[in-house]
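> Contents of work.cif (mmCIF, C-alpha atoms):
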```
data_target
#
loop_
_atom_site.label_atom_id
_atom_site.label_comp_id
_atom_site.auth_asym_id
_atom_site.auth_seq_id
_atom_site.Cartn_x
_atom_site.Cartn_y
_atom_site.Cartn_z
CA MET R 350 87.76 82.77 86.17
CA LYS R 351 85.47 85.78 85.90
CA LEU R 352 85.82 89.24 87.43
CA TYR R 353 82.72 91.11 88.62
CA ASP R 354 83.62 94.70 87.98
CA PHE R 355 82.30 98.24 87.77
CA LYS R 356 84.31 100.54 85.56
CA GLY R 357 83.81 103.66 87.67
CA ALA R 358 84.70 102.18 91.06
CA PRO R 359 88.20 102.29 92.56
CA ASN R 360 88.38 98.86 94.16
CA PRO R 361 87.79 96.85 90.98
CA ARG R 362 90.31 99.11 89.27
CA ARG R 363 92.97 97.98 91.73
CA VAL R 364 92.32 94.39 90.64
CA ARG R 365 92.26 95.25 86.93
CA MET R 366 95.64 96.99 87.28
CA PHE R 367 97.01 94.06 89.25
CA LEU R 368 95.88 91.57 86.59
CA ALA R 369 97.31 93.74 83.80
CA GLU R 370 100.69 93.93 85.57
CA LYS R 371 100.64 90.13 85.77
CA GLY R 372 99.72 89.84 82.10
CA VAL R 373 96.67 87.80 83.08
CA SER R 374 93.48 88.27 81.11
CA VAL R 375 90.20 87.46 82.86
CA PRO R 376 86.68 87.78 81.42
CA VAL R 377 84.87 90.69 83.01
CA ARG R 378 81.22 91.10 83.87
CA GLN R 379 80.07 94.66 84.61
CA VAL R 380 77.76 95.08 87.60
CA ASP R 381 75.80 98.31 87.26
CA LEU R 382 76.26 99.88 90.69
CA MET R 383 74.47 103.06 89.64
CA ALA R 384 71.35 101.01 88.83
CA ARG R 385 71.82 99.20 92.18
CA GLU R 386 72.31 95.84 90.46
CA GLN R 387 74.54 94.84 93.39
CA HIS R 388 71.47 94.82 95.63
CA GLY R 389 69.47 92.48 93.38
CA ASP R 390 68.94 88.82 94.16
CA ALA R 391 71.11 87.64 91.26
CA TYR R 392 74.18 89.50 92.47
CA ARG R 393 73.49 88.77 96.13
CA ALA R 394 73.85 85.10 95.23
CA ILE R 395 77.36 85.96 94.02
CA ASN R 396 78.20 88.30 96.90
CA PRO R 397 75.74 88.98 99.72
CA TRP R 398 77.98 91.86 100.83
CA CYS R 399 76.78 93.65 97.64
CA THR R 400 80.26 94.87 96.69
CA VAL R 401 82.62 94.58 93.75
CA PRO R 402 85.15 93.28 92.88
CA VAL R 403 84.50 89.56 93.12
CA LEU R 404 86.66 86.97 91.39
CA GLU R 405 84.66 83.87 90.48
CA LEU R 406 86.70 80.72 89.98
CA ASP R 407 85.81 77.93 87.57
CA ASP R 408 84.36 75.83 90.40
CA ASP R 409 82.07 78.80 91.32
CA THR R 410 84.10 79.76 94.39
CA CYS R 411 83.72 83.53 94.79
CA ILE R 412 86.63 85.53 96.19
CA ARG R 413 85.57 88.88 97.62
CA GLU R 414 87.49 92.06 98.41
CA ALA R 415 90.17 93.74 96.30
CA MET R 416 93.35 92.95 98.21
CA THR R 417 92.21 89.40 98.94
CA ILE R 418 91.75 88.88 95.20
CA CYS R 419 95.20 90.36 94.54
CA ARG R 420 96.77 87.98 97.08
CA TYR R 421 95.03 85.05 95.39
CA ILE R 422 96.29 86.10 91.97
CA GLU R 423 99.81 86.54 93.35
CA ALA R 424 99.64 83.00 94.78
CA ILE R 425 98.68 81.40 91.46
CA HIS R 426 100.70 83.80 89.23
CA PRO R 427 103.78 84.69 91.32
CA GLU R 428 105.61 86.62 88.57
CA PRO R 429 106.16 89.51 88.49
CA ALA R 430 105.91 89.73 92.27
CA LEU R 431 103.73 92.67 93.32
CA LEU R 432 103.45 91.76 97.00
CA GLY R 433 107.16 91.29 97.67
CA THR R 434 109.35 88.20 97.70
CA THR R 435 110.91 88.13 101.20
CA PRO R 436 108.88 88.38 104.42
CA VAL R 437 110.43 91.78 105.22
CA GLU R 438 109.69 93.12 101.74
CA GLN R 439 106.16 91.76 101.95
CA ALA R 440 105.74 93.54 105.29
CA ALA R 441 106.86 96.90 103.92
CA ILE R 442 104.50 96.58 100.97
CA GLY R 443 101.66 95.35 103.19
CA ALA R 444 101.98 98.21 105.66
CA TRP R 445 102.18 100.97 103.02
CA GLU R 446 99.37 99.42 101.02
CA HIS R 447 97.13 99.34 104.07
CA LYS R 448 98.13 102.88 105.06
CA PHE R 449 97.14 104.36 101.72
CA GLU R 450 94.00 102.27 101.50
CA VAL R 451 92.85 103.83 104.77
CA ASP R 452 94.26 107.35 104.38
CA GLY R 453 93.62 107.61 100.64
CA LEU R 454 90.92 105.37 99.20
CA ILE R 455 88.70 105.31 102.26
CA ALA R 456 89.05 109.05 102.82
CA VAL R 457 87.98 109.81 99.25
CA GLY R 458 85.12 107.35 99.56
CA GLU R 459 83.97 109.21 102.69
CA VAL R 460 83.83 112.48 100.78
CA LEU R 461 82.04 111.06 97.76
CA ARG R 462 79.50 108.97 99.63
CA ASN R 463 78.70 111.69 102.16
CA SER R 464 78.37 114.61 99.77
CA VAL R 465 77.07 113.45 96.38
CA ASP R 466 73.30 113.15 95.86
CA ALA R 467 73.62 109.81 94.04
CA PHE R 468 74.83 108.26 97.30
CA ALA R 469 72.00 109.56 99.50
CA GLY R 470 71.09 106.71 101.84
CA ARG R 471 74.15 104.77 100.68
CA ALA R 472 76.92 106.42 102.68
CA LEU R 473 78.60 103.05 103.18
CA PRO R 474 78.92 100.21 100.66
CA GLY R 475 76.93 97.07 101.36
CA PRO R 476 73.33 96.03 101.87
CA VAL R 477 72.55 98.33 104.82
CA SER R 478 71.29 101.86 104.20
CA HIS R 479 73.17 104.64 106.00
CA GLU R 480 72.34 108.33 105.71
CA GLN R 481 75.02 110.82 104.70
CA ILE R 482 76.95 112.71 107.39
CA PRO R 483 78.08 116.06 105.93
CA ALA R 484 80.73 116.50 108.65
CA LEU R 485 82.31 113.26 107.48
CA ALA R 486 82.68 114.65 103.97
CA ASP R 487 84.39 117.73 105.41
CA ARG R 488 86.72 115.57 107.48
CA GLY R 489 87.42 113.43 104.42
CA ARG R 490 88.58 116.49 102.48
CA ARG R 491 91.08 117.28 105.22
CA ARG R 492 92.19 113.64 105.26
CA ILE R 493 92.82 113.71 101.51
CA ALA R 494 95.09 116.73 101.99
CA HIS R 495 97.08 114.82 104.63
CA PHE R 496 97.19 111.77 102.36
CA MET R 497 98.73 113.85 99.57
CA ASP R 498 101.27 115.29 102.03
CA LEU R 499 102.28 111.89 103.38
CA LEU R 500 102.48 110.41 99.88
CA ASN R 501 104.68 113.28 98.74
CA GLU R 502 106.93 112.90 101.77
CA ARG R 503 107.21 109.15 101.20
CA LEU R 504 107.95 109.49 97.48
CA GLY R 505 110.62 112.05 98.30
CA GLU R 506 112.56 109.32 100.08
CA SER R 507 111.66 106.31 97.92
CA GLY R 508 111.27 105.75 94.17
CA HIS R 509 108.03 103.91 94.71
CA VAL R 510 105.60 103.74 97.61
CA ALA R 511 107.03 100.72 99.42
CA GLY R 512 110.62 100.79 98.15
CA PRO R 513 112.59 101.08 94.93
CA GLY R 514 110.33 98.80 92.90
CA PHE R 515 106.71 98.95 91.75
CA SER R 516 104.27 97.05 93.97
CA VAL R 517 100.61 96.75 94.86
CA ALA R 518 101.15 99.66 97.27
CA ASP R 519 101.68 101.85 94.19
CA ILE R 520 98.47 100.53 92.67
CA THR R 521 96.43 101.41 95.76
CA ALA R 522 97.98 104.89 96.11
CA PHE R 523 97.67 105.60 92.37
CA VAL R 524 94.02 104.58 92.28
CA ALA R 525 93.41 106.72 95.38
CA VAL R 526 95.01 109.78 93.76
CA ASP R 527 92.87 109.37 90.64
CA PHE R 528 89.79 108.76 92.78
CA ALA R 529 90.51 112.00 94.68
CA ALA R 530 90.15 113.92 91.40
CA ARG R 531 86.51 112.78 91.41
CA VAL R 532 85.90 114.98 94.46
CA GLU R 533 87.96 117.85 93.01
CA LYS R 534 91.04 117.08 95.04
CA ASP R 535 93.68 116.97 92.32
CA ILE R 536 97.36 116.66 93.22
CA PRO R 537 98.03 120.02 94.86
CA ASP R 538 100.89 122.33 93.97
CA GLY R 539 103.98 121.77 96.07
CA HIS R 540 103.77 117.97 95.71
CA PRO R 541 106.45 117.35 93.07
CA HIS R 542 107.19 113.79 94.13
CA VAL R 543 103.55 112.77 93.77
CA LYS R 544 103.40 114.46 90.36
CA ARG R 545 106.58 112.68 89.14
CA TRP R 546 105.43 109.28 90.44
CA HIS R 547 101.87 109.73 89.12
CA GLU R 548 103.25 110.37 85.63
CA THR R 549 105.53 107.34 85.84
CA VAL R 550 102.83 104.97 87.06
CA GLY R 551 100.28 106.52 84.71
CA ALA R 552 102.55 105.63 81.77
CA ARG R 553 102.38 101.91 82.60
CA PRO R 554 99.92 100.06 80.34
CA SER R 555 98.12 98.75 83.44
CA ALA R 556 96.94 102.29 84.24
CA GLN R 557 94.53 101.96 81.29
CA ALA R 558 93.10 98.65 82.47
CA MET L 1300 112.13 90.95 118.06
CA LYS L 1301 110.15 93.37 120.20
CA LEU L 1302 106.45 94.20 120.14
CA TYR L 1303 105.29 97.75 120.81
CA ASP L 1304 101.98 97.24 122.52
CA PHE L 1305 99.22 98.90 124.51
CA LYS L 1306 97.24 96.54 126.70
CA GLY L 1307 93.90 98.30 126.27
CA ALA L 1308 93.93 98.62 122.48
CA PRO L 1309 92.35 96.07 120.14
CA ASN L 1310 94.92 96.02 117.34
CA PRO L 1311 97.90 94.98 119.48
CA ARG L 1312 95.66 92.37 121.07
CA ARG L 1313 95.15 90.76 117.66
CA VAL L 1314 98.92 90.37 117.37
CA ARG L 1315 99.31 89.08 120.94
CA MET L 1316 96.66 86.43 120.28
CA PHE L 1317 98.30 85.52 116.99
CA LEU L 1318 101.70 85.12 118.65
CA ALA L 1319 100.19 83.04 121.47
CA GLU L 1320 98.50 80.72 118.97
CA LYS L 1321 101.88 80.25 117.30
CA GLY L 1322 103.55 79.58 120.65
CA VAL L 1323 105.97 82.42 119.93
CA SER L 1324 107.09 84.60 122.83
CA VAL L 1325 108.22 88.14 122.01
CA PRO L 1326 109.40 90.81 124.49
CA VAL L 1327 106.79 93.52 124.82
CA ARG L 1328 107.21 97.23 125.39
CA GLN L 1329 104.09 99.10 126.51
CA VAL L 1330 103.44 102.45 124.81
CA ASP L 1331 101.18 104.58 127.00
CA LEU L 1332 98.58 105.77 124.52
CA MET L 1333 96.53 107.46 127.24
CA ALA L 1334 99.54 109.65 128.11
CA ARG L 1335 100.00 110.28 124.34
CA GLU L 1336 103.43 108.63 124.34
CA GLN L 1337 102.79 107.61 120.72
CA HIS L 1338 103.00 111.29 119.76
CA GLY L 1339 106.40 111.85 121.39
CA ASP L 1340 109.63 112.07 119.43
CA ALA L 1341 110.97 108.78 120.79
CA TYR L 1342 108.02 106.77 119.52
CA ARG L 1343 107.72 108.74 116.28
CA ALA L 1344 111.25 107.49 115.50
CA ILE L 1345 109.82 103.96 115.78
CA ASN L 1346 106.57 104.71 113.96
CA PRO L 1347 105.77 108.16 112.55
CA TRP L 1348 102.18 107.00 112.05
CA CYS L 1349 101.89 107.10 115.88
CA THR L 1350 100.09 103.77 116.11
CA VAL L 1351 100.56 100.42 117.79
CA PRO L 1352 101.29 97.59 117.24
CA VAL L 1353 104.78 97.70 115.77
CA LEU L 1354 107.04 94.65 115.55
CA GLU L 1355 110.71 95.64 115.73
CA LEU L 1356 113.13 93.12 114.28
CA ASP L 1357 116.65 92.52 115.55
CA ASP L 1358 118.10 94.66 112.72
CA ASP L 1359 115.78 97.53 113.82
CA THR L 1360 113.36 97.07 110.90
CA CYS L 1361 109.94 98.14 112.18
CA ILE L 1362 106.86 96.37 110.86
CA ARG L 1363 103.69 98.41 111.28
CA GLU L 1364 100.00 97.45 111.25
CA ALA L 1365 98.37 94.47 112.91
CA MET L 1366 97.57 92.22 109.96
CA THR L 1367 100.88 93.01 108.27
CA ILE L 1368 102.63 91.85 111.44
CA CYS L 1369 100.51 88.69 111.52
CA ARG L 1370 101.42 87.93 107.91
CA TYR L 1371 105.11 88.39 108.73
CA ILE L 1372 104.85 86.05 111.71
CA GLU L 1373 103.01 83.47 109.59
CA ALA L 1374 105.82 83.64 107.01
CA ILE L 1375 108.58 82.95 109.55
CA HIS L 1376 106.52 80.60 111.79
CA PRO L 1377 104.17 78.80 109.39
CA GLU L 1378 102.76 76.34 111.95
CA PRO L 1379 99.99 76.25 113.00
CA ALA L 1380 98.70 78.01 109.89
CA LEU L 1381 96.33 80.83 110.84
CA LEU L 1382 96.09 82.43 107.38
CA GLY L 1383 95.23 79.24 105.47
CA THR L 1384 97.39 76.81 103.53
CA THR L 1385 95.92 76.78 99.99
CA PRO L 1386 95.27 79.93 97.94
CA VAL L 1387 91.50 79.37 98.13
CA GLU L 1388 91.58 78.86 101.89
CA GLN L 1389 93.77 81.94 102.27
CA ALA L 1390 91.26 83.91 100.22
CA ALA L 1391 88.30 82.85 102.38
CA ILE L 1392 90.19 83.78 105.54
CA GLY L 1393 91.44 87.04 104.03
CA ALA L 1394 87.99 88.17 102.92
CA TRP L 1395 86.26 87.36 106.23
CA GLU L 1396 89.10 88.88 108.23
CA HIS L 1397 88.87 92.11 106.25
CA LYS L 1398 85.06 92.13 106.50
CA PHE L 1399 85.05 91.93 110.28
CA GLU L 1400 87.93 94.37 110.62
CA VAL L 1401 85.82 96.94 108.77
CA ASP L 1402 82.34 96.04 110.07
CA GLY L 1403 83.47 95.17 113.61
CA LEU L 1404 86.72 96.71 114.79
CA ILE L 1405 86.47 99.93 112.82
CA ALA L 1406 82.80 100.40 113.70
CA VAL L 1407 83.53 100.05 117.42
CA GLY L 1408 86.48 102.40 117.09
CA GLU L 1409 84.18 104.97 115.48
CA VAL L 1410 81.84 104.83 118.45
CA LEU L 1411 84.59 105.04 121.06
CA ARG L 1412 86.62 107.77 119.42
CA ASN L 1413 83.60 109.92 118.56
CA SER L 1414 81.80 109.70 121.88
CA VAL L 1415 84.29 109.35 124.75
CA ASP L 1416 85.81 112.51 126.25
CA ALA L 1417 89.30 110.98 126.40
CA PHE L 1418 89.34 110.95 122.59
CA ALA L 1419 88.30 114.58 122.09
CA GLY L 1420 90.40 115.91 119.21
CA ARG L 1421 91.64 112.38 118.49
CA ALA L 1422 88.74 110.91 116.56
CA LEU L 1423 91.15 109.09 114.27
CA PRO L 1424 94.40 107.37 115.22
CA GLY L 1425 97.61 108.96 114.01
CA PRO L 1426 99.44 112.27 114.26
CA VAL L 1427 96.66 114.49 112.87
CA SER L 1428 94.02 115.92 115.19
CA HIS L 1429 90.39 115.35 114.18
CA GLU L 1430 87.38 116.55 116.13
CA GLN L 1431 84.68 114.11 117.16
CA ILE L 1432 81.56 113.72 114.99
CA PRO L 1433 78.65 112.63 117.22
CA ALA L 1434 76.64 111.37 114.22
CA LEU L 1435 79.49 108.99 113.45
CA ALA L 1436 79.22 107.47 116.93
CA ASP L 1437 75.49 106.97 116.37
CA ARG L 1438 76.14 105.34 113.00
CA GLY L 1439 78.81 103.18 114.58
CA ARG L 1440 76.30 101.81 117.10
CA ARG L 1441 74.02 100.77 114.27
CA ARG L 1442 76.98 99.23 112.46
CA ILE L 1443 77.91 97.17 115.52
CA ALA L 1444 74.36 95.78 115.59
CA HIS L 1445 74.70 94.72 111.94
CA PHE L 1446 78.14 93.26 112.64
CA MET L 1447 76.67 91.07 115.39
CA ASP L 1448 73.86 89.97 113.07
CA LEU L 1449 76.23 89.07 110.24
CA LEU L 1450 78.61 87.28 112.60
CA ASN L 1451 75.72 85.27 114.03
CA GLU L 1452 74.48 84.37 110.56
CA ARG L 1453 77.95 83.32 109.49
CA LEU L 1454 78.60 81.23 112.60
CA GLY L 1455 75.25 79.54 112.08
CA GLU L 1456 76.61 78.06 108.85
CA SER L 1457 80.27 77.55 109.80
CA GLY L 1458 82.05 76.35 112.95
CA HIS L 1459 84.50 79.22 112.76
CA VAL L 1460 84.44 82.53 110.94
CA ALA L 1461 86.21 81.49 107.74
CA GLY L 1462 85.48 77.76 107.74
CA PRO L 1463 85.66 74.73 110.02
CA GLY L 1464 89.01 75.63 111.58
CA PHE L 1465 90.28 78.47 113.75
CA SER L 1466 92.02 81.29 111.84
CA VAL L 1467 93.07 84.90 112.10
CA ALA L 1468 89.53 85.81 111.00
CA ASP L 1469 88.35 84.45 114.37
CA ILE L 1470 90.95 86.54 116.14
CA THR L 1471 89.77 89.75 114.47
CA ALA L 1472 86.08 89.02 115.07
CA PHE L 1473 86.69 87.93 118.67
CA VAL L 1474 88.70 91.05 119.48
CA ALA L 1475 85.97 93.14 117.85
CA VAL L 1476 83.24 91.52 119.96
CA ASP L 1477 85.20 92.16 123.16
CA PHE L 1478 85.98 95.69 122.02
CA ALA L 1479 82.25 96.30 121.46
CA ALA L 1480 81.64 95.61 125.15
CA ARG L 1481 83.71 98.73 125.83
CA VAL L 1482 80.95 100.82 124.26
CA GLU L 1483 78.21 98.82 126.00
CA LYS L 1484 77.39 96.73 122.98
CA ASP L 1485 77.57 93.23 124.46
CA ILE L 1486 76.52 90.22 122.43
CA PRO L 1487 72.76 90.76 122.14
CA ASP L 1488 70.10 88.18 122.93
CA GLY L 1489 69.07 86.13 119.93
CA HIS L 1490 72.68 85.61 118.79
CA PRO L 1491 73.29 82.04 120.01
CA HIS L 1492 75.96 81.24 117.44
CA VAL L 1493 78.07 84.24 118.47
CA LYS L 1494 77.66 83.28 122.14
CA ARG L 1495 78.72 79.66 121.49
CA TRP L 1496 81.72 80.68 119.40
CA HIS L 1497 82.75 83.45 121.81
CA GLU L 1498 82.86 80.92 124.66
CA THR L 1499 84.87 78.48 122.55
CA VAL L 1500 87.42 81.05 121.40
CA GLY L 1501 87.50 82.65 124.85
CA ALA L 1502 88.55 79.30 126.33
CA ARG L 1503 91.70 79.23 124.18
CA PRO L 1504 94.81 80.26 126.16
CA SER L 1505 95.54 82.93 123.52
CA ALA L 1506 92.42 84.84 124.61
CA GLN L 1507 94.33 85.81 127.78
CA ALA L 1508 97.38 87.07 125.87
#
```
Produce structure tokens that represent the structure in this file.


Amino acid sequence: MKLYDFKGAPNPRRVRMFLAEKGVSVPVRQVDLMAREQHGDAYRAINPWCTVPVLELDDDTCIREAMTICRYIEAIHPEPALLGTTPVEQAAIGAWEHKFEVDGLIAVGEVLRNSVDAFAGRALPGPVSHEQIPALADRGRRRIAHFMDLLNERLGESGHVAGPGFSVADITAFVAVDFAARVEKDIPDGHPHVKRWHETVGARPSAQA
Amino acid sequence: MKLYDFKGAPNPRRVRMFLAEKGVSVPVRQVDLMAREQHGDAYRAINPWCTVPVLELDDDTCIREAMTICRYIEAIHPEPALLGTTPVEQAAIGAWEHKFEVDGLIAVGEVLRNSVDAFAGRALPGPVSHEQIPALADRGRRRIAHFMDLLNERLGESGHVAGPGFSVADITAFVAVDFAARVEKDIPDGHPHVKRWHETVGARPSAQA
């Protein structure tokens, strides 16, 4: 297996954390997104969607998209379970994971891609050029504030995002919180549960992956 | 079990199609999104995210989010498999499903919610009010055009979205194509593979669910 990665991007980080939690080591190939390597012919042959992460299997099958890769890894390395073991547990983890992907990761991405000069003409990932929409960056900042509120509320009632134990929903929310710092939206005051949880998750070795 | 549904919304339709393909009948309770019933206290007790679909189990556990519900149903009713049977097949279906959720369903939702008067102040689903961004509707129209192009390209190389057989990736893409008609983006000329596939999928009994 080989992981196509970019160190500064949040979606590959989700996969790196997931692999580290599994204790699975996979060779990594950096794709230089800042130099637009993902738009070159060589990488398009790997992934015509021009995104990372991609997990390449030994028979050259390429698995695209962060959560799809995590599900594949869970299927071939079930322990420790990060997606839940019973259908009901899997559903709780799946719903919270999706919620914080949309409310957290995607909201931060909206801010970054619609406000930072380096993303001019690249306001969405992928091969198609889209101009920035400043109002979307403004909306994204408000969404991040709501994300932090909802995360704090949730972690006030539950040790981890989807229940008492650590799961992929924690990985997505944790990566989103760190990603938010990139657009100067650190964990705000008055969010003690997020602060406590962020310290706990940040102390796991996988947070350095 | 009980499904909280709204007949006019695309995400509950994905679940209704999924259930119909499984041959599973579930009592349905309509939530009147147009009358903002999803924001009332009664429904917030079911789902504080104020969205449909929700699948309520007999012990009152509420499963939120369309694909999470589909995964739960697949776990308790494995046949016919709509999410794939091997890890590699599951990964292909998962990646294409996610791709067309983002490029299709979400793009159409952006157009509808940012251009139609009925969604003023409700440009995103959920409990938080967001004003419409006209530029986002314009971008969404361009995204729908790219979605149709990519879907046509994909269906030119594959009988169904994620491979030779019907899967949940077809459900998501099919619901997205029908949803696009709501913003006057019918299947454009020069997309014969989408037209062929849309007729084939549309002839399945589940398309009427």

> Suppose you want the space between atom CA of Asp1357 of chain L and atom CA of Met1300 of chain L; what is it in Å?

5.4 Å

> Would you mind telling me which residue in L:Val1482, L:Ala1344, L:Phe1446, L:Arg1335 lies nearest to Lys1398 of chain L when using all atoms listed in the file?

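The shortest atom-to-atom distance to Lys1398 of chain L comes from L:Phe1446.
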
> To one decimal place, how far is atom CA of Cys399 of chain R from atom CA of Gly475 of chain R in Å?

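Taking atom CA of Cys399 of chain R and atom CA of Gly475 of chain R, their separation equals 5.1 Å.
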
> Starting from the PyMOL selection byres ((chain L) within 8 of (chain R)), expand the selection into actual residues of this file and give them as an NGL selection string.

:L and (1362-1364 or 1367-1368 or 1370-1371 or 1374-1375 or 1386-1387 or 1389-1391 or 1393-1394 or 1397 or 1429 or 1432 or 1434-1435 or 1438)

> One decimal, in Å: what's the spacing between atom CA of Ser1324 of chain L and atom CA of Phe1465 of chain L?

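Computed distance, atom CA of Ser1324 of chain L to atom CA of Phe1465 of chain L, equals 20.1 Å.
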
> Once the PyMOL selection byres ((chain R and resi 371) around 12) is applied to the coordinates I shared, what remains selected? I want it as number ranges by chain.

R: 364-370, 372-375, 419, 422-432, 516-517, 554-555, 558

> Restricting the calculation to all atoms listed in the file: of L:Pro1491, L:Gly1383, L:Pro1352, L:Gly1439, which residue gets closest to Ala1406 of chain L?

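Result for the nearest residue to Ala1406 of chain L: L:Gly1439.
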
> Take the PyMOL selection byres ((chain L and resi 1309) around 9), run it mentally on this structure, and tell me the resulting residues as a list in words.

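In the shown coordinates, the PyMOL selection byres ((chain L and resi 1309) around 9) covers Phe1305, Lys1306, Gly1307, Ala1308, Asn1310, Pro1311, Arg1312, Arg1313, Leu1404, Thr1471, Val1474, Ala1475, Asp1477 and Phe1478 of chain L.
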
> Could those residues be written to a file, using C-alpha atoms, as a tab-separated table (two decimals), in the coordinates of the input?


```tsv
chain	number	residue	atom	x	y	z
L	1305	PHE	CA	99.22	98.90	124.51
L	1306	LYS	CA	97.24	96.54	126.70
L	1307	GLY	CA	93.90	98.30	126.27
L	1308	ALA	CA	93.93	98.62	122.48
L	1310	ASN	CA	94.92	96.02	117.34
L	1311	PRO	CA	97.90	94.98	119.48
L	1312	ARG	CA	95.66	92.37	121.07
L	1313	ARG	CA	95.15	90.76	117.66
L	1404	LEU	CA	86.72	96.71	114.79
L	1471	THR	CA	89.77	89.75	114.47
L	1474	VAL	CA	88.70	91.05	119.48
L	1475	ALA	CA	85.97	93.14	117.85
L	1477	ASP	CA	85.20	92.16	123.16
L	1478	PHE	CA	85.98	95.69	122.02
```

> Using only C-alpha atoms, can you tell me which of R:Arg462, R:Glu506, R:Pro537, R:Ala552 comes closest to Ser478 of chain R?

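Once distances to Ser478 of chain R are computed over only C-alpha atoms, the minimum belongs to R:Arg462.
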